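> I'm passing along model-v2.csv; it holds CSV, C-alpha atoms and all ligand atoms.
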chain,number,residue,atom,x,y,z
A,205,MET,CA,0.0,0.0,0.0
A,206,ARG,CA,1.1,3.6,-0.6
A,207,ILE,CA,0.4,5.3,2.7
A,208,LEU,CA,0.3,9.1,2.9
A,209,ILE,CA,0.7,10.7,6.3
A,210,LEU,CA,-0.8,14.2,6.4
A,211,MET,CA,1.0,16.2,9.1
A,212,SER,CA,2.3,19.7,9.8
A,213,ASP,CA,5.1,21.1,11.9
A,214,ILE,CA,2.8,22.8,14.4
A,215,GLY,CA,4.9,22.2,17.5
A,216,GLY,CA,7.2,19.1,17.4
A,217,GLY,CA,4.8,16.4,18.3
A,218,HIS,CA,3.1,15.8,15.0
A,219,ARG,CA,6.4,15.2,13.2
A,220,SER,CA,7.6,12.9,16.0
A,221,CYS,CA,4.4,10.9,15.7
A,222,THR,CA,4.8,10.8,11.9
A,223,LEU,CA,8.4,9.5,12.3
A,224,ALA,CA,7.3,6.9,14.8
A,225,LEU,CA,4.7,5.5,12.4
A,226,GLN,CA,7.1,5.5,9.5
A,227,GLN,CA,9.7,3.6,11.6
A,228,GLU,CA,7.1,1.1,12.8
A,229,PHE,CA,5.8,0.4,9.3
A,230,ALA,CA,9.5,-0.1,8.1
A,231,HIS,CA,10.3,-2.3,11.1
A,232,TRP,CA,7.2,-4.6,11.1
A,233,PHE,CA,6.4,-4.6,7.4
A,234,PRO,CA,9.7,-4.1,5.6
A,235,GLY,CA,9.2,-3.7,1.9
A,236,VAL,CA,5.4,-4.1,2.2
A,237,HIS,CA,4.1,-0.6,2.5
A,238,GLU,CA,5.5,2.7,1.1
A,239,VAL,CA,5.0,5.4,3.6
A,240,PHE,CA,5.2,9.1,2.7
A,241,SER,CA,4.5,12.2,4.7
A,242,VAL,CA,3.7,15.8,3.7
A,243,ASP,CA,3.5,19.0,5.7
A,244,VAL,CA,0.1,19.9,4.4
A,245,PHE,CA,0.1,23.5,5.6
A,246,LYS,CA,3.7,24.3,4.6
A,247,GLN,CA,3.9,22.3,1.4
A,248,PHE,CA,0.4,22.2,-0.1
A,249,ALA,CA,-1.8,24.8,1.4
A,250,PRO,CA,-2.2,28.2,-0.3
A,251,TRP,CA,-2.1,31.6,1.5
A,252,PRO,CA,-3.1,32.3,4.2
A,253,LEU,CA,-3.3,28.7,5.4
A,254,ASN,CA,0.4,28.2,4.9
A,255,TYR,CA,0.8,30.7,7.8
A,256,VAL,CA,-1.0,28.3,10.3
A,257,PRO,CA,2.2,26.9,11.7
A,258,PRO,CA,3.9,30.2,12.5
A,259,ALA,CA,0.6,31.7,13.7
A,260,TYR,CA,0.1,28.8,16.1
A,261,LYS,CA,3.7,29.2,17.4
A,262,TYR,CA,3.1,32.9,18.1
A,263,ILE,CA,-0.4,32.6,19.6
A,264,ALA,CA,0.1,29.5,21.7
A,265,ASN,CA,3.3,30.9,23.3
A,266,ARG,CA,2.6,34.7,23.5
A,267,LEU,CA,-1.2,34.9,23.6
A,268,PRO,CA,-2.4,31.9,25.7
A,269,GLY,CA,-5.7,33.6,26.5
A,270,PHE,CA,-6.5,34.1,22.8
A,271,TRP,CA,-5.4,30.5,22.1
A,272,GLN,CA,-7.8,29.3,24.8
A,273,TRP,CA,-10.6,31.2,23.1
A,274,VAL,CA,-9.6,29.7,19.7
A,275,PHE,CA,-9.5,26.2,21.2
A,276,SER,CA,-12.9,26.7,22.8
A,277,ASN,CA,-14.7,28.2,19.8
A,278,TYR,CA,-13.0,26.8,16.7
A,279,GLY,CA,-15.6,24.7,15.0
A,280,SER,CA,-18.6,25.9,17.1
A,281,LEU,CA,-19.2,29.5,16.0
A,282,ILE,CA,-18.8,28.3,12.4
A,283,THR,CA,-18.8,24.6,11.9
A,284,GLU,CA,-15.8,22.9,10.2
A,285,GLU,CA,-18.1,21.5,7.6
A,286,GLN,CA,-19.3,25.0,6.8
A,287,MET,CA,-15.7,26.3,6.5
A,288,ALA,CA,-14.8,23.3,4.3
A,289,THR,CA,-17.7,24.2,2.0
A,290,TRP,CA,-16.6,27.8,1.8
A,291,LEU,CA,-13.0,26.9,1.1
A,292,ALA,CA,-13.7,24.1,-1.2
A,293,GLY,CA,-13.2,26.0,-4.5
A,294,TYR,CA,-10.0,27.6,-3.2
A,295,LEU,CA,-8.5,24.4,-1.8
A,296,GLU,CA,-9.6,21.7,-4.3
A,297,PRO,CA,-6.8,22.3,-6.9
A,298,TYR,CA,-4.2,22.0,-4.1
A,299,PHE,CA,-5.6,18.8,-2.8
A,300,GLU,CA,-5.9,17.5,-6.4
A,301,LEU,CA,-2.2,18.2,-6.9
A,302,LEU,CA,-1.4,16.5,-3.6
A,303,PHE,CA,-3.4,13.3,-4.4
A,304,ASP,CA,-2.2,13.2,-8.0
A,305,ARG,CA,1.4,13.5,-7.0
A,306,MET,CA,1.3,11.1,-4.1
A,307,ARG,CA,-1.3,8.6,-5.4
A,308,PRO,CA,-2.1,7.2,-1.9
A,309,ASP,CA,-4.1,4.0,-1.2
A,310,LEU,CA,-4.6,5.1,2.4
A,311,LEU,CA,-4.4,8.3,4.4
A,312,VAL,CA,-3.2,8.8,7.9
A,313,THR,CA,-3.8,12.1,9.6
A,314,VAL,CA,-1.7,13.1,12.6
A,315,ASN,CA,-3.0,16.7,12.8
A,316,PRO,CA,-6.4,18.0,13.6
A,317,LEU,CA,-8.1,20.6,11.4
A,318,LEU,CA,-8.0,18.7,8.1
A,319,HIS,CA,-10.8,16.2,8.1
A,320,PRO,CA,-13.8,18.0,6.7
A,321,THR,CA,-11.7,19.2,3.7
A,322,VAL,CA,-10.2,15.8,3.1
A,323,PHE,CA,-13.5,13.9,3.2
A,324,ARG,CA,-15.1,16.5,1.0
A,325,HIS,CA,-12.4,16.2,-1.5
A,326,LEU,CA,-12.5,12.4,-1.5
A,327,ARG,CA,-16.2,12.4,-2.0
A,328,ALA,CA,-16.1,15.1,-4.8
A,329,THR,CA,-13.4,13.2,-6.7
A,330,GLY,CA,-14.8,9.7,-6.2
A,331,ARG,CA,-11.7,8.5,-4.4
A,332,ASN,CA,-12.5,5.7,-2.1
A,333,LEU,CA,-9.6,5.8,0.3
A,334,PRO,CA,-9.6,4.6,3.9
A,335,VAL,CA,-8.7,7.4,6.3
A,336,VAL,CA,-7.1,6.7,9.7
A,337,SER,CA,-6.5,9.3,12.4
A,338,VAL,CA,-3.7,8.9,15.0
A,339,VAL,CA,-4.5,11.4,17.7
A,340,SER,CA,-1.5,12.8,19.5
A,341,ASP,CA,-3.2,14.9,22.2
A,342,LEU,CA,-3.3,12.9,25.4
A,343,VAL,CA,-6.5,13.7,27.4
A,344,THR,CA,-8.4,16.6,25.9
A,345,PRO,CA,-8.0,16.5,22.1
A,346,HIS,CA,-9.9,19.2,20.2
A,347,GLY,CA,-13.0,18.1,18.3
A,348,SER,CA,-11.3,18.7,14.9
A,349,TRP,CA,-9.2,15.5,15.4
A,350,PHE,CA,-12.4,13.6,14.8
A,351,HIS,CA,-14.8,13.0,12.0
A,352,SER,CA,-17.7,10.5,11.7
A,353,GLU,CA,-16.3,9.1,8.4
A,354,LEU,CA,-13.0,8.0,9.9
A,355,ASP,CA,-12.3,4.4,9.1
A,356,LEU,CA,-10.0,4.0,12.1
A,357,CYS,CA,-9.3,6.4,15.0
A,358,CYS,CA,-6.3,5.6,17.3
A,359,VAL,CA,-6.2,7.5,20.5
A,360,PRO,CA,-3.7,7.5,23.3
A,361,THR,CA,-6.0,7.4,26.4
A,362,VAL,CA,-9.5,6.3,27.4
A,363,GLN,CA,-10.4,10.0,27.9
A,364,ALA,CA,-9.5,10.7,24.3
A,365,ALA,CA,-11.7,7.7,23.3
A,366,VAL,CA,-14.6,9.3,25.1
A,367,ALA,CA,-13.9,12.5,23.1
A,368,ALA,CA,-13.9,10.5,19.9
A,369,ARG,CA,-17.3,9.1,20.7
A,370,ARG,CA,-18.6,12.6,21.5
A,371,TYR,CA,-17.6,13.8,18.1
A,372,ARG,CA,-19.4,10.9,16.4
A,373,VAL,CA,-16.6,8.5,15.6
A,374,SER,CA,-18.2,5.1,15.6
A,375,GLU,CA,-17.2,3.1,18.7
A,376,ARG,CA,-16.1,0.1,16.5
A,377,ASN,CA,-13.6,2.3,14.8
A,378,VAL,CA,-11.9,3.6,17.9
A,379,ARG,CA,-8.7,2.0,19.4
A,380,VAL,CA,-6.9,3.0,22.6
A,381,TYR,CA,-3.3,2.0,21.9
A,382,GLY,CA,-1.3,4.9,23.5
A,383,LEU,CA,0.8,7.5,21.8
A,384,PRO,CA,3.4,6.2,19.4
A,385,VAL,CA,7.0,7.3,20.1
A,386,ARG,CA,10.0,6.9,17.9
A,387,ARG,CA,11.8,3.5,18.1
A,388,GLN,CA,14.9,5.1,19.7
A,389,PHE,CA,12.7,5.4,22.8
A,390,VAL,CA,11.3,1.9,22.5
A,391,ASP,CA,14.3,-0.2,21.7
A,392,VAL,CA,16.7,2.0,23.6
A,393,GLU,CA,20.3,0.7,23.9
A,394,VAL,CA,20.9,-0.6,27.4
A,395,ARG,CA,23.6,1.5,29.0
A,396,GLU,CA,24.1,3.0,32.5
A,397,ARG,CA,23.1,6.6,32.8
A,398,ARG,CA,26.7,7.4,33.4
A,399,ALA,CA,27.7,6.0,30.1
A,400,TRP,CA,25.0,8.1,28.3
A,401,LYS,CA,26.5,11.2,30.1
A,402,GLN,CA,29.9,10.2,28.9
A,403,LEU,CA,28.6,9.7,25.3
A,404,LEU,CA,27.2,13.3,25.4
A,405,ASP,CA,30.3,14.7,26.8
A,406,MET,CA,28.7,15.6,30.1
A,407,GLU,CA,30.2,15.1,33.6
A,408,GLU,CA,29.6,11.5,34.6
A,409,GLN,CA,29.4,12.0,38.4
A,410,LEU,CA,27.0,15.0,38.5
A,411,PRO,CA,23.2,14.8,38.3
A,412,LEU,CA,21.9,16.2,35.0
A,413,VAL,CA,18.8,18.3,34.7
A,414,LEU,CA,17.2,18.4,31.3
A,415,ILE,CA,15.1,21.5,30.3
A,416,ILE,CA,12.8,21.2,27.3
A,417,GLY,CA,10.1,23.5,25.8
A,418,GLY,CA,8.6,21.2,23.1
A,419,GLY,CA,9.7,21.6,19.5
A,420,GLU,CA,9.4,25.4,19.6
A,421,GLY,CA,11.2,26.0,22.9
A,422,PHE,CA,8.1,27.4,24.7
A,423,GLY,CA,7.9,28.6,28.3
A,424,THR,CA,9.9,30.5,30.9
A,425,ILE,CA,13.1,28.6,30.2
A,426,ALA,CA,15.5,31.6,30.5
A,427,ALA,CA,14.1,32.6,33.9
A,428,LEU,CA,14.4,29.0,35.2
A,429,VAL,CA,18.1,28.7,34.0
A,430,GLU,CA,18.9,32.0,35.7
A,431,GLN,CA,17.3,31.0,39.0
A,432,LEU,CA,18.8,27.5,38.9
A,433,VAL,CA,22.3,28.8,38.2
A,434,ALA,CA,21.9,31.4,41.0
A,435,SER,CA,20.7,28.8,43.5
A,436,ARG,CA,23.6,26.5,42.6
A,437,ARG,CA,26.1,29.3,43.1
A,438,ARG,CA,24.6,30.0,46.6
A,439,LYS,CA,24.9,26.2,47.2
A,440,ALA,CA,21.2,26.3,48.1
A,441,MET,CA,20.7,23.1,46.1
A,442,PRO,CA,22.7,20.0,45.3
A,443,ASP,CA,25.4,20.5,42.6
A,444,CYS,CA,24.1,19.6,39.2
A,445,GLN,CA,24.7,20.2,35.5
A,446,VAL,CA,22.0,21.4,33.1
A,447,ALA,CA,21.2,20.7,29.5
A,448,VAL,CA,18.7,23.1,27.8
A,449,ILE,CA,17.1,21.9,24.6
A,450,CYS,CA,15.7,25.0,22.9
A,451,GLY,CA,14.2,23.3,19.9
A,452,ARG,CA,13.5,25.7,17.0
A,453,ASN,CA,13.7,28.7,19.3
A,454,LYS,CA,17.0,30.1,18.0
A,455,ALA,CA,16.7,33.4,19.9
A,456,LEU,CA,16.5,31.5,23.2
A,457,ALA,CA,19.5,29.4,22.3
A,458,ARG,CA,21.5,32.4,21.5
A,459,ARG,CA,20.5,34.3,24.6
A,460,LEU,CA,21.3,31.3,26.9
A,461,SER,CA,24.6,30.5,25.2
A,462,GLN,CA,25.7,34.1,25.7
A,463,SER,CA,24.6,34.3,29.4
A,464,PHE,CA,25.3,30.9,30.7
A,465,GLY,CA,27.5,29.0,28.3
A,466,THR,CA,30.3,28.6,30.9
A,467,GLU,CA,28.1,27.7,33.9
A,468,GLN,CA,27.8,23.9,33.4
A,469,VAL,CA,24.8,24.8,31.3
A,470,ARG,CA,24.9,23.0,27.9
A,471,VAL,CA,22.6,24.9,25.4
A,472,LEU,CA,21.3,23.0,22.4
A,473,GLY,CA,19.1,23.9,19.5
A,474,PHE,CA,16.8,21.3,17.8
A,475,VAL,CA,18.2,17.9,18.7
A,476,THR,CA,17.6,14.6,16.9
A,477,ASP,CA,18.9,12.5,19.7
A,478,MET,CA,16.3,13.4,22.4
A,479,HIS,CA,16.3,9.8,23.6
A,480,ALA,CA,20.1,10.1,24.5
A,481,TRP,CA,19.5,13.3,26.4
A,482,MET,CA,16.6,11.7,28.3
A,483,ALA,CA,18.6,8.6,29.0
A,484,ALA,CA,21.5,10.6,30.4
A,485,SER,CA,19.3,12.9,32.6
A,486,ASP,CA,18.2,12.4,36.2
A,487,CYS,CA,15.0,14.4,35.7
A,488,ALA,CA,13.5,16.9,33.3
A,489,VAL,CA,11.6,20.2,33.4
A,490,THR,CA,9.4,20.5,30.4
A,491,LYS,CA,6.2,22.0,29.1
A,492,ALA,CA,3.3,19.5,29.1
A,493,GLY,CA,3.7,18.4,25.5
A,494,PRO,CA,2.2,14.9,25.0
A,495,GLY,CA,5.1,13.7,22.9
A,496,THR,CA,7.7,14.7,25.5
A,497,ILE,CA,5.7,13.3,28.3
A,498,MET,CA,5.3,9.9,26.7
A,499,GLU,CA,8.9,9.8,25.6
A,500,ALA,CA,10.0,10.6,29.2
A,501,ALA,CA,7.7,7.8,30.3
A,502,ALA,CA,9.3,5.3,27.9
A,503,MET,CA,12.8,6.4,29.3
A,504,GLY,CA,11.7,6.2,32.9
A,505,LEU,CA,12.5,10.0,33.3
A,506,PRO,CA,10.7,11.9,36.1
A,507,VAL,CA,9.3,15.2,34.9
A,508,ILE,CA,8.5,18.6,36.4
A,509,LEU,CA,5.8,20.2,34.1
A,510,SER,CA,6.5,23.9,33.9
A,511,GLY,CA,3.4,24.9,31.9
A,512,PHE,CA,0.9,23.8,29.3
A,513,VAL,CA,-0.7,25.2,26.2
A,514,PRO,CA,-4.3,26.0,27.1
A,515,GLY,CA,-6.9,23.6,25.7
A,516,GLN,CA,-5.2,20.5,24.3
A,517,GLU,CA,-2.6,20.3,27.1
A,518,ALA,CA,-4.7,21.5,30.0
A,519,GLU,CA,-5.2,18.1,31.6
A,520,ASN,CA,-1.7,16.8,31.0
A,521,PRO,CA,-0.3,17.9,34.4
A,522,ALA,CA,-3.1,16.0,36.1
A,523,PHE,CA,-2.2,13.0,33.9
A,524,VAL,CA,1.4,13.1,35.0
A,525,ILE,CA,0.5,13.5,38.7
A,526,ARG,CA,-2.1,10.7,38.5
A,527,HIS,CA,0.5,8.3,37.0
A,528,GLY,CA,3.1,9.3,39.7
A,529,MET,CA,5.7,10.2,37.1
A,530,GLY,CA,6.2,13.8,38.1
A,531,THR,CA,4.7,17.0,39.3
A,532,TYR,CA,3.5,20.4,38.1
A,533,ALA,CA,5.4,23.5,39.1
A,534,PRO,CA,4.3,26.6,37.2
A,535,SER,CA,6.9,29.1,38.3
A,536,PRO,CA,10.7,29.0,37.9
A,537,ALA,CA,11.1,29.4,41.7
A,538,SER,CA,8.8,26.4,42.3
A,539,GLN,CA,10.7,24.4,39.7
A,540,VAL,CA,14.0,25.1,41.4
A,541,SER,CA,12.5,24.2,44.8
A,542,VAL,CA,11.2,20.8,43.4
A,543,LEU,CA,14.6,20.2,41.8
A,544,THR,CA,16.3,20.9,45.1
A,545,GLU,CA,14.1,18.4,46.8
A,546,TRP,CA,14.4,15.7,44.1
A,547,LEU,CA,18.2,15.9,43.7
A,548,SER,CA,18.6,15.5,47.5
A,549,ASP,CA,16.5,12.3,47.5
A,550,GLU,CA,17.6,9.5,45.1
A,551,ARG,CA,14.9,7.1,46.4
A,552,LYS,CA,12.2,9.6,45.5
A,553,LEU,CA,13.6,10.1,42.0
A,554,GLY,CA,13.7,6.3,41.7
A,555,ARG,CA,10.0,6.0,42.6
A,556,PHE,CA,9.0,8.6,40.0
A,557,SER,CA,11.2,6.9,37.5
A,558,ASP,CA,9.5,3.5,38.1
A,559,ALA,CA,6.1,5.1,37.8
A,560,ALA,CA,7.2,6.8,34.5
A,561,ARG,CA,8.1,3.4,33.0
A,562,ALA,CA,4.8,2.0,34.1
A,563,THR,CA,3.0,4.8,32.3
A,564,ALA,CA,4.8,4.1,28.9
A,565,CYS,CA,2.9,2.4,26.0
A,566,ALA,CA,6.0,1.0,24.3
A,567,ARG,CA,4.0,-1.0,21.8
A,568,ALA,CA,1.6,1.8,20.8
A,569,GLY,CA,3.2,2.3,17.3
A,570,GLN,CA,3.4,-1.4,16.7
A,571,SER,CA,-0.3,-2.0,17.6
A,572,ILE,CA,-1.4,0.9,15.3
A,573,VAL,CA,0.6,-0.3,12.2
A,574,GLU,CA,-0.5,-3.9,12.7
A,575,GLU,CA,-4.1,-2.9,12.9
A,576,VAL,CA,-3.8,-0.7,9.8
A,577,ASP,CA,-2.2,-3.6,7.9
A,578,ARG,CA,-4.8,-6.1,9.2
A,579,LEU,CA,-7.8,-3.9,8.2
A,580,PHE,CA,-6.6,-2.3,5.0
A,581,GLY,CA,-3.4,-4.0,3.9
B,601,LIG,N1,11.8,17.4,19.9
B,601,LIG,C1,13.0,17.0,19.3
B,601,LIG,N2,14.1,17.8,19.3
B,601,LIG,C2,14.0,19.0,19.9
B,601,LIG,C3,12.9,19.4,20.6
B,601,LIG,C4,11.8,18.6,20.6
B,601,LIG,O1,13.0,15.9,18.7
B,601,LIG,O2,15.1,19.7,19.9
B,601,LIG,C5,10.7,16.5,19.9
B,601,LIG,C6,10.3,15.9,21.2
B,601,LIG,O3,11.2,14.8,21.4
B,601,LIG,C7,8.9,15.5,21.0
B,601,LIG,C8,8.4,16.7,20.1
B,601,LIG,O4,9.5,17.3,19.6
B,601,LIG,O5,8.7,14.4,20.3
B,601,LIG,C9,7.6,17.7,20.9
B,601,LIG,O6,6.3,17.3,21.0
B,601,LIG,P1,5.3,17.7,22.2
B,601,LIG,O7,4.1,17.0,22.0
B,601,LIG,O8,6.0,17.4,23.5
B,601,LIG,O9,5.2,19.2,22.1
B,601,LIG,P2,4.9,20.2,20.9
B,601,LIG,O10,6.2,20.8,20.4
B,601,LIG,O11,4.2,19.4,19.8
B,601,LIG,O12,4.0,21.2,21.5
Please rewrite the model in this file as structure tokens.
Ligand code: UDP


Amino acid sequence: MRILILMSDIGGGHRSCTLALQQEFAHWFPGVHEVFSVDVFKQFAPWPLNYVPPAYKYIANRLPGFWQWVFSNYGSLITEEQMATWLAGYLEPYFELLFDRMRPDLLVTVNPLLHPTVFRHLRATGRNLPVVSVVSDLVTPHGSWFHSELDLCCVPTVQAAVAARRYRVSERNVRVYGLPVRRQFVDVEVRERRAWKQLLDMEEQLPLVLIIGGGEGFGTIAALVEQLVASRRRKAMPDCQVAVICGRNKALARRLSQSFGTEQVRVLGFVTDMHAWMAASDCAVTKAGPGTIMEAAAMGLPVILSGFVPGQEAENPAFVIRHGMGTYAPSPASQVSVLTEWLSDERKLGRFSDAARATACARAGQSIVEEVDRLFG
């Protein structure tokens, strides 16, 4: 089968989910399926839709109140079907080009927002393709992830399955398999944490705190690093080293490198070996992105959630606390205080780490591709 994954780099999670699925198809069905992906908004959508990814980045980070409003009202003031009808004439040629070029036998969507337009186009052009959605928001996915015509809808949690039913996805087409993470996190090389630190050129004996802000480097990372460094200097917390992954936030990486480059603070841009950094770290401070949370779970990494994007991530702190894999500390001062407590108590960190492992769904990706192959292959 030629499988086309429709995704977009809105945050980092959709691409990670895409890569995870591509790796799983290649691993379990080598040479059987051809799997392609396109960034629909960046590569195929016309103006102004091609500005959706940068607009999201700006609004979700800088205008959270407005993003909350968009999340609550998108699709209810004007229905998505209505929008798809209005946009049809404008978007049809682009979708025609996409389908002509990729000639898919099956579609997988790993982003919300596309379904009414996709189904409208399939109907209008008489294409009879199965459509599968792999939902990567953990607990409170937006309604635009769902559509009554989906042939299969894979969700990460029971709460997301309830949302799927609420948005008219037939119960027999919903599967709760967990969130797929890339194979580096599933078949991780067995090494001691010290050995991972050595591999990454970090000090072997010192605890390592990892700071992450999703694919876009969201959150109050600079303030946290500043307070952490100050606290360490005053010896108000156990000695530790810090790695900050700024993702695509180049301005943040520049600023941190200039201010803290020599303070046992390693500043990184977008990394492709997140699994190695997680394996080397004793704990992480991160925004409540579902991809990062489930990768940390797979690696047994305790997390301090520093914030969340309103709407789709609002319940993720409760998810992490309920599973015992970490805590929520919304201010840099409270994050430093939790770090001080955790780094002084190895047994506590060990308990969070065990709980994280128990939260992981290591076989989510495998289950999804096996089900796709069984139903449509
Ligand atoms: N990520 C990465 N390299 C980076 C920063 C982030 O590979 O430098 C990945 C991270 O491992 C995760 C994804 O980007 O898979 C972020 O997804 P998440 O759902 O946590 O947050 P989002 O960025 O989508 O809001």

> Given the point (11.8, 3.0, 21.9) in the coordinates of this file, which residues lie within 9 Å, counting all atoms listed in the file, and how would they look as a list in words?

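The distance filter leaves exactly Val385, Arg386, Arg387, Gln388, Phe389, Val390, Asp391, Val392, His479, Glu499, Ala502, Met503, Ala566 and Arg567 of chain A.
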
> Take the residues from that selection and write them out as a PDB file, in the coordinates of the input, keeping C-alpha atoms.


ATOM      1  CA  VAL A 385       7.000   7.300  20.100  1.00  0.00           C
ATOM      2  CA  ARG A 386      10.000   6.900  17.900  1.00  0.00           C
ATOM      3  CA  ARG A 387      11.800   3.500  18.100  1.00  0.00           C
ATOM      4  CA  GLN A 388      14.900   5.100  19.700  1.00  0.00           C
ATOM      5  CA  PHE A 389      12.700   5.400  22.800  1.00  0.00           C
ATOM      6  CA  VAL A 390      11.300   1.900  22.500  1.00  0.00           C
ATOM      7  CA  ASP A 391      14.300  -0.200  21.700  1.00  0.00           C
ATOM      8  CA  VAL A 392      16.700   2.000  23.600  1.00  0.00           C
ATOM      9  CA  HIS A 479      16.300   9.800  23.600  1.00  0.00           C
ATOM     10  CA  GLU A 499       8.900   9.800  25.600  1.00  0.00           C
ATOM     11  CA  ALA A 502       9.300   5.300  27.900  1.00  0.00           C
ATOM     12  CA  MET A 503      12.800   6.400  29.300  1.00  0.00           C
ATOM     13  CA  ALA A 566       6.000   1.000  24.300  1.00  0.00           C
ATOM     14  CA  ARG A 567       4.000  -1.000  21.800  1.00  0.00           C
TER      15      ARG A 567
END

> Using all atoms listed in the file, determine which residues fall within 10 Å of ligand LIG 601 (chain B), then list them as a PyMOL selection string.

chain A and resi 213-224+261+264-265+340-342+384-386+389+416-422+448-453+472-479+481-482+490-500+512-513+516-517

> To one decimal in Å, tell me the separation between atom CA of Leu414 of chain A and atom CA of Tyr532 of chain A.

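Distance reported for this atom pair: 15.4 Å.
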
> Which of these residues is nearest to Asn520 of chain A, using only C-alpha atoms: A:Val507, A:Val314, A:Leu547, A:Asp443?

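Once distances to Asn520 of chain A are computed over only C-alpha atoms, the minimum belongs to A:Val507.
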
> Would you please work out which residue, of A:Phe229, A:Phe523, A:Phe323, A:Phe270, is nearest to Asp355 of chain A when using only C-alpha atoms?

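Of the candidates, the smallest distance to Asp355 of chain A is held by A:Phe323.
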
> Here's a test: counting only C-alpha atoms, identify every protein, DNA and RNA residue with an atom at most 7 Å from (9.7, 15.3, 35.8) in the file's coordinate frame, and state them as a CSV table (one decimal) with C-alpha atoms, keeping the file's coordinate frame.


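Once written, point-v3.csv looks like this:
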chain,number,residue,atom,x,y,z
A,487,CYS,CA,15.0,14.4,35.7
A,488,ALA,CA,13.5,16.9,33.3
A,489,VAL,CA,11.6,20.2,33.4
A,505,LEU,CA,12.5,10.0,33.3
A,506,PRO,CA,10.7,11.9,36.1
A,507,VAL,CA,9.3,15.2,34.9
A,508,ILE,CA,8.5,18.6,36.4
A,509,LEU,CA,5.8,20.2,34.1
A,529,MET,CA,5.7,10.2,37.1
A,530,GLY,CA,6.2,13.8,38.1
A,531,THR,CA,4.7,17.0,39.3

> For atom CA of Val413 of chain A and atom CA of Ser548 of chain A, determine how far apart the two atoms are, in Å to one decimal place.

13.1 Å

> Counting only C-alpha atoms, which of A:Ala427, A:Leu460, A:Leu267, A:Val433 gets nearest to Ser535 of chain A?

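Ranked by minimum distance to Ser535 of chain A, first place goes to A:Ala427.
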
> Restricting the calculation to only C-alpha atoms, which member of A:Arg266, A:Arg437, A:Arg327, A:Arg369 is positioned closest to Thr424 of chain A?

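Ranking A:Arg266, A:Arg437, A:Arg327, A:Arg369 by distance to Thr424 of chain A, first place goes to A:Arg266.
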